[in-house]
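Below you'll find the structure, written out as structure tokens, and then a few comments.
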Amino acid sequence: MAKQKPTIPKGTRDFSPEVMVKRNYIFDTIREVFQRYAYQPLETPSMENLSTLLGKYGEEGDKLLFRILNSGDYLAKVNEEDLRARDSQKLASVISEKGLRYDLTVPFARFVVQHRNEINFPFKRYQIQPVWRADKPQRGRYREFYQCDGDVIGTDSLLNEVELIQIMDDVFMKLGLNVSIKINNRKILKGLANYIQNPEKFMDLTMAIDKLDKIGHEKVKEELKQRGINTSAVEELDPFLNLEGKNYEKVEYLVNWLSDDEGSKGIGEIREILDYTGALELNNEVEFDPKLARGLDYYTGTIFEVKALDEDMGSICGGGRYDDLTGVFGLKDVSGVGISFGAERIYDVMEKLRRFPSKMLPAAKIMFVNFGREEAKHALKVLRELHEEGIKSEIYPDTAKMKKQMTYANNKGIEYVGLMGEDEISKQVITVKNMTTGEQKKMTLEELKELLAE
RNA sequence: GUGGAUGUAGCUCAGCUGGUUAGAGCGCUGGAUUGUGGUUCCAGAGGUCGUGGGUUCGAGUCCCAUCCUCCACCCCA
């Protein structure tokens with residue numbers, strides 16, 4: 001057999017122990033905060049039926065779904081004509097019935113509908129699991145990545161939005177990141193489309209405005225025209241595109257400028273949320289950004305986006321309210337709101353800004369040198385006592401050269417090395433070397449326990 | 001999905017307009033130091049130059065294809 005190079009699929013990664021402790025630090029922080037606000041844990045399968053996933057993320061999303069080939073003779077049900085016509089679109093749906101989950105929100109909606117009779121609404125859940133997208137990988141974009149979602153479903157109270165803002169604020173405070181929490185309301189964008197007499201161009205308007213940060217006013221206006229909005233209507237947007245100022249100033253301006261019913265409702269909701277959060281003395285700034293759009297088309301009310309202030313990494317957390325996510329699964333009029341932390345991007349930002357605590361790898365406090373069978377026996381007895389005290393400790397597994405064993409302890413960042421040879425065993429002491437200072441002295445087991453206790 | 005850049009030792013990279021046995025630093029192994037790591041000194045191992053074709057007397061270097069990674073667009077976390 002030819003030797004093969006070990007590789008992993010494009011866009012996937014191995015996570016070494018050094019990386020895992022940092023990733024877990026992020027996951028643990030997020031999990032702890034969600035639990036503090038009484039969100040309940042949920043997991044769903046990695047794969048869903050394609051009927052659950054298809055058509056939920058737009059045409060683009062369907063293309064990015066990883067499909068799972070049916071087991072067994074998957075060609076059995078294929079009709080000859082399609083096969084001969086090489087119609088891969090048509091064939092795909094016959095030979096594949098399952099796909100890997102694309103996000104956590106749609107499986108959550110499926111779960112809610114499927115278990116509606118067992119769920120006590122309003123239902124608050126958090127979910128930390130990987131998702132898969134057949135995207136072309138780049139920095140900060142992978143084919144397998146984790147999402148950390150929190151949603152509240154079965155209530156349209158804006159208190160949920162406020163709570164989610166607090167959660168985002170808590171998480172990023174704990175992680176030591178300065179962020180800006182941006183909020184907006186899709187109804188304002190709807191109102192805007194109505195205002196310029198192009199209600200059917202709502203999605204085009206949203207997608208163009210979403211690029212404002214990236215490409216600037218003029219290019220956005222160009223794009224709007226390209227998307228079929230006439231020049232005079234685009235010009236009418238000017239005061240909106242130029243809107244700056246403090247949160248309440250923007251709110252007041254829009255109240256007067258945008259008289260449309262839907263728009264007014266959106267502004268009212270923003271005002272209410274700001275009223276609540278303003279009284280909370282949050283650590284991070286909450287900014288009302290009427291130009292915030294977000295592409296996902298199931299959002300209907302509030303939308304959130306969090307950006308790191310000290311590093312340009314795109315959004316590291318986002319979310320919004322959806323009024324009818326469960327509708328496609330047959331459960332109407334259930335409103336929900338949720339957020340999703342982008343763990344991978346948060347990781348990259350924290351790595352860049354060096355915000356991870358140092359010494360994250362869980363190393364033993366003491367390692368015993370292995371001198372041979374008899375000595376190891378004694379070391380094991382000592383280790384047993386240390387383990388009972390909850391002291392992280394280990395013995396080098398092989399009777400290797402001292403140098404090798406010391407190097408291992410040093411590289412692993414172990415604080416102390418314990419030496420117990422014939423001499424120490426007969427005198428009932430342990431020679432303990434401090435790996436930082438290089439000092440070493442003999443001590444009893446009790447003294448060692450005391451030394452390692454703190 | 002469209003366009004562009006890249007790929008040389010475990011890691012980070014050098015290698016001029018094609019020319020003999022492909023280099024460095026770090027890391028690794030051994031020794032100086034047989035019960036002492038981190039510093040120092042000495043020695044050593046490790047590469048079918050991403051893969052497959054082609055041009056050439058000769059290819060790490062030029063051409064084509066393919067894969068990976070990166071960058072922009074699309075979209076997104």
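In the structure tokens, the first chain shown is A, the next is B, and so on; residue numbers restart at 1 for each chain, and ligands run from 1 in the order shown.
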
Quick one: which chain A residues come within 7 Å of chain B, and what is the nearest atom pair for each with the distance in Å to one decimal, counting only C-alpha atoms (C1' of nucleotides), rows ordered by chain and ascending number, as CSV?
```
residue,atom,partner,partner_atom,distance
A:Ile316,CA,B:A77,C1',6.8
A:Gly342,CA,B:A77,C1',4.7
A:Met402,CA,B:U36,C1',6.7
A:Lys403,CA,B:G37,C1',6.7
A:Met406,CA,B:G37,C1',4.5
A:Thr407,CA,B:G37,C1',4.8
A:Asn410,CA,B:G37,C1',5.7
```

Residues of the last selection are to be written out with N, CA and C atoms, as a compact mmCIF listing (two decimals), in the first residue's frame.
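Generated file (part06.txt):
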```
# COMPACT_ATOMS: atom_id res chain seq x y z
N ILE A 316 -18.86 39.58 15.62
CA ILE A 316 -18.49 38.44 16.45
C ILE A 316 -19.70 37.89 17.20
N GLY A 342 -20.20 34.06 17.72
CA GLY A 342 -19.29 33.42 16.78
C GLY A 342 -17.99 33.07 17.49
N MET A 402 17.17 10.88 33.44
CA MET A 402 16.76 12.06 34.21
C MET A 402 16.54 13.28 33.32
N LYS A 403 17.51 13.48 32.46
CA LYS A 403 17.47 14.66 31.59
C LYS A 403 16.17 14.70 30.79
N MET A 406 13.22 15.45 33.14
CA MET A 406 13.23 16.86 33.57
C MET A 406 12.79 17.78 32.42
N THR A 407 13.28 17.47 31.24
CA THR A 407 12.90 18.27 30.07
C THR A 407 11.40 18.23 29.84
N ASN A 410 9.70 20.33 32.40
CA ASN A 410 9.96 21.74 32.09
C ASN A 410 9.08 22.23 30.94
```

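Excluding stretch 251-261 of chain A itself and same-chain residues fewer than 6 positions from it, the residues having an atom within 9 Å of it are Ile188, Gly191, Leu192, Asn194, Tyr195, Pro239, Phe240, Leu243, Ile267, Gly268, Ile270, Arg271, Phe288 and Pro290 of chain A, counting only C-alpha atoms (C1' of nucleotides).
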
Among the residues of stretch 71-258 of chain A, find those DSSP assigns to helix (DSSP H, G or I) from the backbone and print them as a short mmCIF file (atom, residue, chain, number, x, y, z; two decimals) with C-alpha atoms, in the first residue's frame.
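Result file is out.cif:
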```
data_model
loop_
_atom_site.label_atom_id
_atom_site.label_comp_id
_atom_site.auth_asym_id
_atom_site.auth_seq_id
_atom_site.Cartn_x
_atom_site.Cartn_y
_atom_site.Cartn_z
CA GLU A 80 -32.99 6.32 -15.92
CA GLU A 81 -33.90 9.51 -17.70
CA ASP A 82 -32.51 11.81 -15.02
CA LEU A 83 -29.36 9.74 -14.87
CA ARG A 84 -28.83 9.94 -18.57
CA ALA A 85 -29.64 13.66 -18.60
CA SER A 88 -27.28 16.70 -10.87
CA GLN A 89 -29.81 18.99 -9.20
CA LYS A 90 -32.56 16.44 -9.61
CA LEU A 91 -30.32 13.50 -8.79
CA ALA A 92 -29.08 15.11 -5.59
CA SER A 93 -32.53 15.17 -4.07
CA VAL A 94 -33.06 11.49 -4.86
CA ILE A 95 -29.75 10.06 -3.71
CA THR A 105 -31.73 28.28 14.68
CA VAL A 106 -33.62 26.21 12.14
CA PRO A 107 -33.06 22.92 14.02
CA PHE A 108 -34.24 24.76 17.11
CA ALA A 109 -37.41 25.86 15.36
CA ARG A 110 -37.94 22.26 14.24
CA PHE A 111 -37.44 21.08 17.80
CA VAL A 112 -39.91 23.60 19.19
CA VAL A 113 -42.63 22.62 16.75
CA GLN A 114 -42.01 18.90 17.16
CA LEU A 159 -37.65 42.39 27.90
CA ASN A 160 -36.10 39.45 26.08
CA GLU A 161 -34.17 41.78 23.83
CA VAL A 162 -32.99 43.62 26.91
CA GLU A 163 -31.95 40.38 28.55
CA LEU A 164 -30.01 39.28 25.47
CA ILE A 165 -28.21 42.61 25.43
CA GLN A 166 -27.23 42.05 29.05
CA ILE A 167 -26.00 38.57 28.18
CA MET A 168 -23.84 39.89 25.35
CA ASP A 169 -22.54 42.62 27.65
CA ASP A 170 -21.72 40.10 30.40
CA VAL A 171 -19.99 37.65 28.09
CA PHE A 172 -17.73 40.20 26.45
CA MET A 173 -16.97 41.85 29.77
CA LYS A 174 -15.89 38.48 31.16
CA LEU A 175 -13.79 37.76 28.09
CA ARG A 186 -36.20 45.51 10.64
CA LYS A 187 -39.49 47.39 10.81
CA ILE A 188 -37.59 50.63 10.41
CA LEU A 189 -36.07 49.29 7.21
CA LYS A 190 -39.51 48.14 6.09
CA GLY A 191 -40.82 51.59 6.82
CA LEU A 192 -38.00 53.01 4.78
CA ALA A 193 -38.95 50.87 1.80
CA ASN A 194 -42.52 52.10 2.16
CA TYR A 195 -41.33 55.70 2.50
CA PRO A 199 -42.09 48.23 -0.44
CA GLU A 200 -41.32 45.25 -2.68
CA LYS A 201 -37.67 46.28 -2.79
CA PHE A 202 -37.27 45.77 0.94
CA MET A 203 -34.73 42.95 0.64
CA ASP A 204 -32.69 44.82 -1.97
CA LEU A 205 -32.71 47.87 0.26
CA THR A 206 -31.59 45.82 3.23
CA MET A 207 -28.76 44.13 1.43
CA ALA A 208 -27.44 47.35 -0.05
CA ILE A 209 -27.60 49.28 3.22
CA LEU A 212 -22.69 50.92 3.99
CA ASP A 213 -19.70 50.42 6.30
CA LYS A 214 -17.73 48.61 3.67
CA ILE A 215 -18.31 50.52 0.46
CA GLY A 216 -19.63 53.93 1.52
CA HIS A 217 -22.70 56.06 0.71
CA GLU A 218 -22.10 56.63 -2.96
CA LYS A 219 -21.50 53.00 -3.83
CA VAL A 220 -24.58 51.99 -1.86
CA LYS A 221 -26.66 54.44 -3.82
CA GLU A 222 -25.23 53.06 -7.04
CA GLU A 223 -26.08 49.56 -5.95
CA LEU A 224 -29.63 50.59 -5.05
CA LYS A 225 -30.08 51.98 -8.53
CA GLN A 226 -28.68 48.78 -10.00
CA THR A 231 -32.87 57.75 -8.84
CA SER A 232 -35.34 60.11 -7.17
CA ALA A 233 -36.28 57.43 -4.64
CA VAL A 234 -32.62 56.78 -3.90
CA GLU A 235 -32.06 60.51 -3.36
CA GLU A 236 -34.90 60.52 -0.85
CA ASP A 238 -30.08 60.84 1.76
CA PRO A 239 -31.13 62.17 5.17
CA PHE A 240 -31.30 58.60 6.39
CA LEU A 241 -27.91 57.59 5.04
CA ASN A 247 -29.06 57.29 20.18
CA TYR A 248 -31.91 59.52 21.31
CA GLU A 249 -31.11 62.09 18.63
CA LYS A 250 -31.40 59.46 15.94
CA VAL A 251 -34.63 58.19 17.46
CA GLU A 252 -36.12 61.67 17.62
CA TYR A 253 -35.10 62.47 14.07
CA LEU A 254 -36.62 59.28 12.72
CA VAL A 255 -39.86 59.69 14.67
CA ASN A 256 -40.48 62.89 12.76
CA TRP A 257 -39.03 61.86 9.43
#
```

Task: Distance query stretch 347-364 of chain A at most 7 Å, only C-alpha atoms (C1' of nucleotides), self and fewer than 3 positions along chain excluded, as a list of chain:residue names - done: A:Glu18, A:Val21, A:Lys22, A:Arg23, A:Gly176, A:Glu311, A:Ala343, A:Glu344, A:Met367, A:Lys392, A:Ser393, A:Glu394, A:Lys412, A:Gly413, A:Ile414

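Residues in contact with stretch 51-62 of chain B at up to 10 Å, not including ones fewer than 3 positions away on its chain and judged by only C-alpha atoms (C1' of nucleotides), are U8, G15, G18, G19, A22, A65, U66 and C67 of chain B.
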
- [ ] Quick one: everything within 12 Å of B:A72, counting only C-alpha atoms (C1' of nucleotides), minus sequence neighbours fewer than 3 positions away in the same chain. Send it as number ranges by chain.
- [x] A: 138; B: 2-5

Pick out the residues sitting within 12 Å of B:C28, and hand them over as a compact mmCIF listing (two decimals) with N, CA, C and O atoms (P, O5', C5', C4', C3', O3' and C1' of nucleotides), in the first residue's frame; count only C-alpha atoms (C1' of nucleotides), and ignore anything fewer than 2 positions along from it in its own chain.
```txt
# COMPACT_ATOMS: atom_id res chain seq x y z
P A B 9 9.42 21.82 3.84
O5' A B 9 10.65 21.06 4.51
C5' A B 9 10.66 19.63 4.55
C4' A B 9 11.39 19.17 5.76
C3' A B 9 10.83 19.67 7.07
O3' A B 9 10.74 18.61 8.01
C1' A B 9 13.13 20.14 6.95
P G B 10 9.55 17.66 8.05
O5' G B 10 8.71 18.30 9.25
C5' G B 10 7.49 17.71 9.69
C4' G B 10 7.08 18.41 10.97
C3' G B 10 7.05 19.93 10.85
O3' G B 10 5.75 20.36 10.50
C1' G B 10 8.45 19.30 12.67
P C B 11 5.65 21.59 9.47
O5' C B 11 6.00 22.84 10.40
C5' C B 11 5.09 23.29 11.40
C4' C B 11 5.66 24.51 12.10
C3' C B 11 6.02 25.67 11.17
O3' C B 11 4.89 26.50 10.94
C1' C B 11 7.86 25.21 12.59
P C B 26 19.19 28.87 16.73
O5' C B 26 17.69 28.42 17.01
C5' C B 26 16.79 29.28 17.72
C4' C B 26 15.37 28.80 17.56
C3' C B 26 15.07 27.40 18.11
O3' C B 26 14.88 27.39 19.52
C1' C B 26 14.12 27.61 15.97
P G B 30 18.18 11.61 23.47
O5' G B 30 19.76 11.62 23.18
C5' G B 30 20.41 10.43 22.78
C4' G B 30 21.83 10.71 22.37
C3' G B 30 22.72 11.35 23.43
O3' G B 30 23.18 10.41 24.37
C1' G B 30 23.06 12.46 21.38
P G B 44 28.41 16.65 12.53
O5' G B 44 27.11 15.77 12.75
C5' G B 44 27.21 14.34 12.87
C4' G B 44 25.90 13.77 13.32
C3' G B 44 24.73 13.94 12.36
O3' G B 44 24.75 12.95 11.35
C1' G B 44 24.04 14.45 14.57
P A B 45 24.05 13.25 9.95
O5' A B 45 22.54 12.85 10.25
C5' A B 45 22.20 11.52 10.65
C4' A B 45 20.79 11.51 11.20
C3' A B 45 19.72 11.97 10.23
O3' A B 45 19.28 10.89 9.42
C1' A B 45 19.43 13.07 12.29
P G B 46 18.98 11.16 7.87
O5' G B 46 17.68 12.09 7.95
C5' G B 46 16.44 11.56 8.43
C4' G B 46 15.47 12.68 8.66
C3' G B 46 15.15 13.50 7.41
O3' G B 46 14.09 12.89 6.69
C1' G B 46 15.65 14.95 9.22
```

Would you kindly return, as a short mmCIF file (atom, residue, chain, number, x, y, z; two decimals) with N, CA, C and O atoms (P, O5', C5', C4', C3', O3' and C1' of nucleotides), in the first residue's frame, each protein, DNA or RNA residue with an atom no farther than 10 Å from any atom of stretch 420-429 of chain A, considering only C-alpha atoms (C1' of nucleotides) and excluding same-chain residues fewer than 5 positions away?
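See part_23.cif below for the written result:
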```cif
data_model
loop_
_atom_site.label_atom_id
_atom_site.label_comp_id
_atom_site.auth_asym_id
_atom_site.auth_seq_id
_atom_site.Cartn_x
_atom_site.Cartn_y
_atom_site.Cartn_z
N PHE A 368 6.65 13.19 39.49
CA PHE A 368 7.70 12.37 40.10
C PHE A 368 8.55 11.72 39.02
O PHE A 368 8.04 11.21 38.03
N VAL A 369 9.84 11.76 39.26
CA VAL A 369 10.76 11.12 38.34
C VAL A 369 10.65 9.61 38.53
O VAL A 369 10.48 9.12 39.64
N ASN A 370 10.69 8.91 37.42
CA ASN A 370 10.59 7.45 37.45
C ASN A 370 11.99 6.84 37.47
O ASN A 370 12.73 6.91 36.49
N PHE A 371 12.34 6.23 38.62
CA PHE A 371 13.68 5.64 38.75
C PHE A 371 13.68 4.13 38.52
O PHE A 371 14.72 3.50 38.51
N GLY A 372 12.49 3.55 38.43
CA GLY A 372 12.45 2.10 38.26
C GLY A 372 11.26 1.53 39.01
O GLY A 372 10.48 2.27 39.61
N GLU A 374 10.65 -0.41 41.76
CA GLU A 374 10.46 -0.27 43.20
C GLU A 374 10.16 1.17 43.60
O GLU A 374 9.25 1.47 44.36
N GLU A 375 10.97 2.09 43.00
CA GLU A 375 10.80 3.52 43.30
C GLU A 375 9.42 4.00 42.83
O GLU A 375 8.77 4.79 43.52
N ALA A 376 9.01 3.50 41.67
CA ALA A 376 7.71 3.91 41.14
C ALA A 376 6.58 3.50 42.08
O ALA A 376 5.60 4.23 42.27
N HIS A 378 6.62 3.34 45.30
CA HIS A 378 6.56 4.34 46.37
C HIS A 378 5.93 5.63 45.87
O HIS A 378 5.10 6.23 46.54
N ALA A 379 6.35 6.02 44.68
CA ALA A 379 5.81 7.26 44.11
C ALA A 379 4.30 7.14 43.94
O ALA A 379 3.56 8.09 44.21
N LYS A 441 14.88 20.92 47.95
CA LYS A 441 15.15 20.49 49.34
C LYS A 441 14.37 19.24 49.66
O LYS A 441 13.38 18.91 48.98
N LYS A 442 14.81 18.56 50.69
CA LYS A 442 14.15 17.34 51.12
C LYS A 442 13.03 17.69 52.08
O LYS A 442 13.17 18.60 52.90
N MET A 443 11.91 16.97 51.95
CA MET A 443 10.80 17.22 52.88
C MET A 443 9.96 15.97 53.04
O MET A 443 10.08 15.02 52.25
N THR A 444 9.13 15.97 54.07
CA THR A 444 8.25 14.83 54.30
C THR A 444 7.02 14.99 53.44
O THR A 444 6.77 16.06 52.86
N LEU A 445 6.23 13.93 53.36
CA LEU A 445 5.00 13.96 52.58
C LEU A 445 4.06 15.05 53.10
O LEU A 445 3.44 15.76 52.31
N GLU A 446 3.98 15.17 54.44
CA GLU A 446 3.09 16.17 55.02
C GLU A 446 3.51 17.58 54.60
O GLU A 446 2.69 18.42 54.25
N GLU A 447 4.83 17.81 54.63
CA GLU A 447 5.34 19.12 54.22
C GLU A 447 5.06 19.39 52.74
O GLU A 447 4.73 20.51 52.35
N LEU A 448 5.15 18.34 51.94
CA LEU A 448 4.88 18.47 50.51
C LEU A 448 3.41 18.84 50.27
O LEU A 448 3.10 19.74 49.49
P G B 35 22.33 8.22 36.90
"O5'" G B 35 21.89 9.57 37.64
"C5'" G B 35 21.25 10.61 36.94
"C4'" G B 35 20.83 11.65 37.96
"C3'" G B 35 22.04 12.29 38.65
"O3'" G B 35 21.98 13.70 38.51
"C1'" G B 35 20.37 11.59 40.22
#
```

Open item on the list: as a PyMOL selection string, please: every residue in stretch 153-341 of chain A that DSSP puts in strand (DSSP E or B).
Closed with: chain A and resi 153+179-185+285-288+302-308+315-322+336-341

For those residues, write N, CA, C and O atoms to a file as a short mmCIF file (atom, residue, chain, number, x, y, z; two decimals), in the first residue's frame.
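Full text of again-v1.cif as output:
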```cif
data_model
loop_
_atom_site.label_atom_id
_atom_site.label_comp_id
_atom_site.auth_asym_id
_atom_site.auth_seq_id
_atom_site.Cartn_x
_atom_site.Cartn_y
_atom_site.Cartn_z
N ILE A 153 -38.28 31.77 22.93
CA ILE A 153 -39.37 31.64 21.96
C ILE A 153 -40.70 31.53 22.69
O ILE A 153 -40.77 30.98 23.79
N VAL A 179 -16.51 46.01 23.23
CA VAL A 179 -17.32 45.85 22.03
C VAL A 179 -18.35 46.95 21.92
O VAL A 179 -18.63 47.69 22.88
N SER A 180 -18.90 47.04 20.74
CA SER A 180 -20.04 47.91 20.53
C SER A 180 -21.23 47.02 20.17
O SER A 180 -21.13 46.20 19.26
N ILE A 181 -22.30 47.13 20.93
CA ILE A 181 -23.49 46.33 20.66
C ILE A 181 -24.43 47.20 19.84
O ILE A 181 -24.95 48.20 20.33
N LYS A 182 -24.58 46.83 18.59
CA LYS A 182 -25.43 47.64 17.72
C LYS A 182 -26.82 47.03 17.63
O LYS A 182 -26.93 45.80 17.51
N ILE A 183 -27.82 47.87 17.68
CA ILE A 183 -29.18 47.35 17.49
C ILE A 183 -29.91 48.18 16.44
O ILE A 183 -29.60 49.34 16.21
N ASN A 184 -30.84 47.52 15.82
CA ASN A 184 -31.72 48.21 14.88
C ASN A 184 -33.01 47.40 14.83
O ASN A 184 -33.15 46.39 15.57
N ASN A 185 -33.93 47.81 13.99
CA ASN A 185 -35.18 47.09 13.89
C ASN A 185 -35.57 46.97 12.43
O ASN A 185 -35.57 47.97 11.70
N GLU A 285 -21.01 49.76 25.20
CA GLU A 285 -21.92 50.73 24.61
C GLU A 285 -23.01 50.02 23.78
O GLU A 285 -22.71 49.10 23.03
N VAL A 286 -24.25 50.45 23.96
CA VAL A 286 -25.33 49.98 23.09
C VAL A 286 -25.63 51.11 22.12
O VAL A 286 -25.95 52.21 22.53
N GLU A 287 -25.47 50.81 20.83
CA GLU A 287 -25.66 51.86 19.85
C GLU A 287 -26.82 51.53 18.92
O GLU A 287 -26.85 50.46 18.32
N PHE A 288 -27.72 52.48 18.83
CA PHE A 288 -28.80 52.34 17.85
C PHE A 288 -28.24 52.75 16.50
O PHE A 288 -27.83 53.88 16.31
N THR A 302 -36.32 43.45 16.04
CA THR A 302 -35.00 43.86 16.50
C THR A 302 -33.90 43.05 15.82
O THR A 302 -34.06 41.85 15.63
N ILE A 303 -32.81 43.69 15.47
CA ILE A 303 -31.63 42.95 15.04
C ILE A 303 -30.41 43.43 15.83
O ILE A 303 -30.33 44.59 16.20
N PHE A 304 -29.51 42.48 16.11
CA PHE A 304 -28.32 42.80 16.90
C PHE A 304 -27.07 42.50 16.09
O PHE A 304 -27.05 41.57 15.28
N GLU A 305 -26.02 43.23 16.41
CA GLU A 305 -24.72 42.87 15.88
C GLU A 305 -23.66 43.43 16.83
O GLU A 305 -23.77 44.55 17.30
N VAL A 306 -22.66 42.60 17.12
CA VAL A 306 -21.60 43.04 18.02
C VAL A 306 -20.28 43.08 17.27
O VAL A 306 -19.94 42.15 16.55
N LYS A 307 -19.57 44.19 17.45
CA LYS A 307 -18.25 44.30 16.82
C LYS A 307 -17.21 44.58 17.90
O LYS A 307 -17.47 45.34 18.83
N ALA A 308 -16.04 43.96 17.74
CA ALA A 308 -14.94 44.24 18.66
C ALA A 308 -14.39 45.62 18.31
O ALA A 308 -14.22 45.95 17.15
N SER A 315 -18.47 40.88 12.34
CA SER A 315 -19.29 40.74 13.54
C SER A 315 -18.90 39.48 14.30
O SER A 315 -18.59 38.45 13.73
N ILE A 316 -18.86 39.58 15.62
CA ILE A 316 -18.49 38.44 16.45
C ILE A 316 -19.70 37.89 17.20
O ILE A 316 -19.60 36.91 17.91
N CYS A 317 -20.84 38.54 17.02
CA CYS A 317 -22.07 38.06 17.62
C CYS A 317 -23.21 38.75 16.91
O CYS A 317 -23.08 39.91 16.54
N GLY A 318 -24.27 38.03 16.68
CA GLY A 318 -25.37 38.67 15.99
C GLY A 318 -26.67 37.96 16.29
O GLY A 318 -26.68 36.88 16.86
N GLY A 319 -27.77 38.59 15.90
CA GLY A 319 -29.04 37.92 16.15
C GLY A 319 -30.20 38.83 15.85
O GLY A 319 -30.02 39.90 15.27
N GLY A 320 -31.37 38.40 16.26
CA GLY A 320 -32.54 39.22 16.00
C GLY A 320 -33.83 38.52 16.36
O GLY A 320 -33.84 37.37 16.81
N ARG A 321 -34.92 39.26 16.14
CA ARG A 321 -36.23 38.70 16.41
C ARG A 321 -36.87 38.20 15.12
O ARG A 321 -36.74 38.82 14.07
N TYR A 322 -37.49 37.03 15.24
CA TYR A 322 -38.16 36.46 14.08
C TYR A 322 -39.58 36.14 14.53
O TYR A 322 -39.80 35.50 15.54
N GLY A 336 -40.08 34.76 18.44
CA GLY A 336 -38.88 34.43 19.18
C GLY A 336 -37.78 35.43 18.90
O GLY A 336 -37.85 36.19 17.95
N VAL A 337 -36.77 35.42 19.76
CA VAL A 337 -35.63 36.29 19.53
C VAL A 337 -34.39 35.57 20.03
O VAL A 337 -34.44 34.85 21.03
N GLY A 338 -33.31 35.74 19.30
CA GLY A 338 -32.11 35.01 19.69
C GLY A 338 -30.83 35.68 19.25
O GLY A 338 -30.84 36.60 18.43
N ILE A 339 -29.72 35.21 19.82
CA ILE A 339 -28.41 35.69 19.43
C ILE A 339 -27.49 34.50 19.22
O ILE A 339 -27.75 33.40 19.70
N SER A 340 -26.43 34.75 18.49
CA SER A 340 -25.46 33.70 18.22
C SER A 340 -24.05 34.27 18.37
O SER A 340 -23.69 35.23 17.71
N PHE A 341 -23.28 33.67 19.28
CA PHE A 341 -21.89 34.10 19.44
C PHE A 341 -21.03 33.35 18.44
O PHE A 341 -21.13 32.13 18.33
#
```

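Atom CA of A:Pro41 to atom CA of A:Ser16 spans 26.0 Å [interatomic distance, one decimal].
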